[in-house]
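Dropping query12.cif in here (mmCIF, C-alpha atoms):
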```cif
data_query
#
loop_
_atom_site.group_PDB
_atom_site.id
_atom_site.type_symbol
_atom_site.label_atom_id
_atom_site.label_comp_id
_atom_site.auth_asym_id
_atom_site.auth_seq_id
_atom_site.Cartn_x
_atom_site.Cartn_y
_atom_site.Cartn_z
ATOM 1 C CA MET X 1 54.693 -121.321 149.110
ATOM 2 C CA ILE X 2 56.346 -120.433 152.394
ATOM 3 C CA ILE X 3 60.052 -119.681 152.092
ATOM 4 C CA ARG X 4 62.344 -119.726 155.105
ATOM 5 C CA ARG X 5 65.717 -117.991 155.001
ATOM 6 C CA ARG X 6 68.472 -117.194 157.495
ATOM 7 C CA ASN X 7 69.845 -114.195 155.595
ATOM 8 C CA TRP X 8 67.704 -111.162 154.802
ATOM 9 C CA LEU X 9 68.260 -107.685 153.370
ATOM 10 C CA TYR X 10 66.098 -104.732 154.322
ATOM 11 C CA GLN X 11 65.791 -101.015 153.646
ATOM 12 C CA LEU X 12 64.481 -98.503 156.176
ATOM 13 C CA PRO X 13 62.309 -95.495 155.295
ATOM 14 C CA GLY X 14 64.333 -92.487 154.146
ATOM 15 C CA GLU X 15 67.541 -94.478 153.665
ATOM 16 C CA ARG X 16 69.193 -95.379 150.367
ATOM 17 C CA GLU X 17 71.505 -98.092 151.709
ATOM 18 C CA VAL X 18 70.458 -101.674 152.267
ATOM 19 C CA HIS X 19 71.178 -103.494 155.542
ATOM 20 C CA SER X 20 71.796 -107.207 156.068
ATOM 21 C CA VAL X 21 70.577 -109.333 158.955
ATOM 22 C CA SER X 22 71.111 -113.034 159.708
ATOM 23 C CA PHE X 23 69.235 -115.301 162.093
ATOM 24 C CA LYS X 24 70.345 -118.548 163.758
ATOM 25 C CA ILE X 25 67.355 -120.402 162.327
ATOM 26 C CA PRO X 26 65.528 -119.890 159.013
ATOM 27 C CA LEU X 27 62.554 -117.513 159.340
ATOM 28 C CA THR X 28 59.578 -116.710 157.134
ATOM 29 C CA LEU X 29 58.973 -113.210 155.786
ATOM 30 C CA ALA X 30 56.238 -112.620 158.379
ATOM 31 C CA GLN X 31 58.584 -113.587 161.215
ATOM 32 C CA VAL X 32 61.340 -111.321 159.874
ATOM 33 C CA LYS X 33 58.910 -108.383 159.511
ATOM 34 C CA ALA X 34 57.754 -108.840 163.107
ATOM 35 C CA GLU X 35 61.312 -109.073 164.464
ATOM 36 C CA LEU X 36 62.556 -106.036 162.515
ATOM 37 C CA LYS X 37 59.504 -103.991 163.501
ATOM 38 C CA ARG X 38 60.123 -104.880 167.153
ATOM 39 C CA THR X 39 63.861 -104.082 167.100
ATOM 40 C CA ILE X 40 64.604 -101.355 164.518
ATOM 41 C CA GLY X 41 61.329 -100.159 163.023
ATOM 42 C CA ARG X 42 59.222 -100.978 160.001
ATOM 43 C CA PRO X 43 61.340 -101.610 156.872
ATOM 44 C CA VAL X 44 60.262 -100.337 153.447
ATOM 45 C CA GLU X 45 61.481 -103.464 151.648
ATOM 46 C CA ILE X 46 62.753 -106.897 152.654
ATOM 47 C CA TRP X 47 64.535 -109.460 150.477
ATOM 48 C CA GLY X 48 65.426 -113.059 151.356
ATOM 49 C CA ARG X 49 68.908 -114.279 150.424
ATOM 50 C CA SER X 50 69.998 -117.856 149.931
ATOM 51 C CA LEU X 51 73.485 -119.026 150.880
ATOM 52 C CA ASP X 52 74.544 -119.529 147.260
ATOM 53 C CA THR X 53 73.852 -115.845 146.439
ATOM 54 C CA LEU X 54 76.017 -114.500 149.284
ATOM 55 C CA SER X 55 79.581 -113.420 148.638
ATOM 56 C CA PRO X 56 82.341 -115.280 150.552
ATOM 57 C CA LEU X 57 82.764 -112.272 152.867
ATOM 58 C CA GLU X 58 79.084 -112.408 153.928
ATOM 59 C CA ARG X 59 79.184 -116.093 154.911
#
```

I'd like the structure from this file rewritten - as structure tokens, please.
Amino acid sequence: MIIRRRNWLYQLPGEREVHSVSFKIPLTLAQVKAELKRTIGRPVEIWGRSLDTLSPLER
């Protein structure tokens, strides 16, 4: 099953904190990996977030 999300969390190598990134259109995990690798480096972990799991401040 291919899941597309607009909101993603990722963790970079050597960092303990998790970063959040949002896209204008929903992307698959492969697309997010490629975009993050191109812009900030290769993340250690990536998680997709749905709108109903975001806090009101993140919306």

Quick one: contact table of region 19-42 of chain X to region 7-11 of chain X, 7 Å max, nearest atom pair and distance in Å to one decimal per residue, counting only C-alpha atoms, chain and number order, as a tab-separated table?
```
residue	atom	partner	partner_atom	distance
X:His19	CA	X:Tyr10	CA	5.4
X:Ser20	CA	X:Leu9	CA	4.5
X:Val21	CA	X:Trp8	CA	5.4
X:Ser22	CA	X:Asn7	CA	4.5
X:Phe23	CA	X:Asn7	CA	6.6
```

Using only C-alpha atoms, please write the residues we just selected to a file, as a JSON list (two decimals), in the frame of the given file.
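Result went into again36.json, see below:
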```json
[["chain", "number", "residue", "atom", "x", "y", "z"],
["X", 19, "HIS", "CA", 71.18, -103.49, 155.54],
["X", 20, "SER", "CA", 71.80, -107.21, 156.07],
["X", 21, "VAL", "CA", 70.58, -109.33, 158.96],
["X", 22, "SER", "CA", 71.11, -113.03, 159.71],
["X", 23, "PHE", "CA", 69.24, -115.30, 162.09]]
```

Expressed in Å to a single decimal, how great is the separation between CA of Ile3 (chain X) and CA of Glu17 (chain X)? 24.4 Å

Which distance in Å separates CA of Arg5 (chain X) and CA of Trp47 (chain X), to one decimal? 9.7 Å

Straight-line distance linking CA of Lys24 (chain X) with CA of Arg6 (chain X), stated in Å to one decimal: 6.7 Å

Under the rule that all atoms listed in the file are counted, which of X:Leu36, X:Arg42, X:Ser50, X:Ala30 is the nearest residue to Pro13 (chain X)? X:Arg42
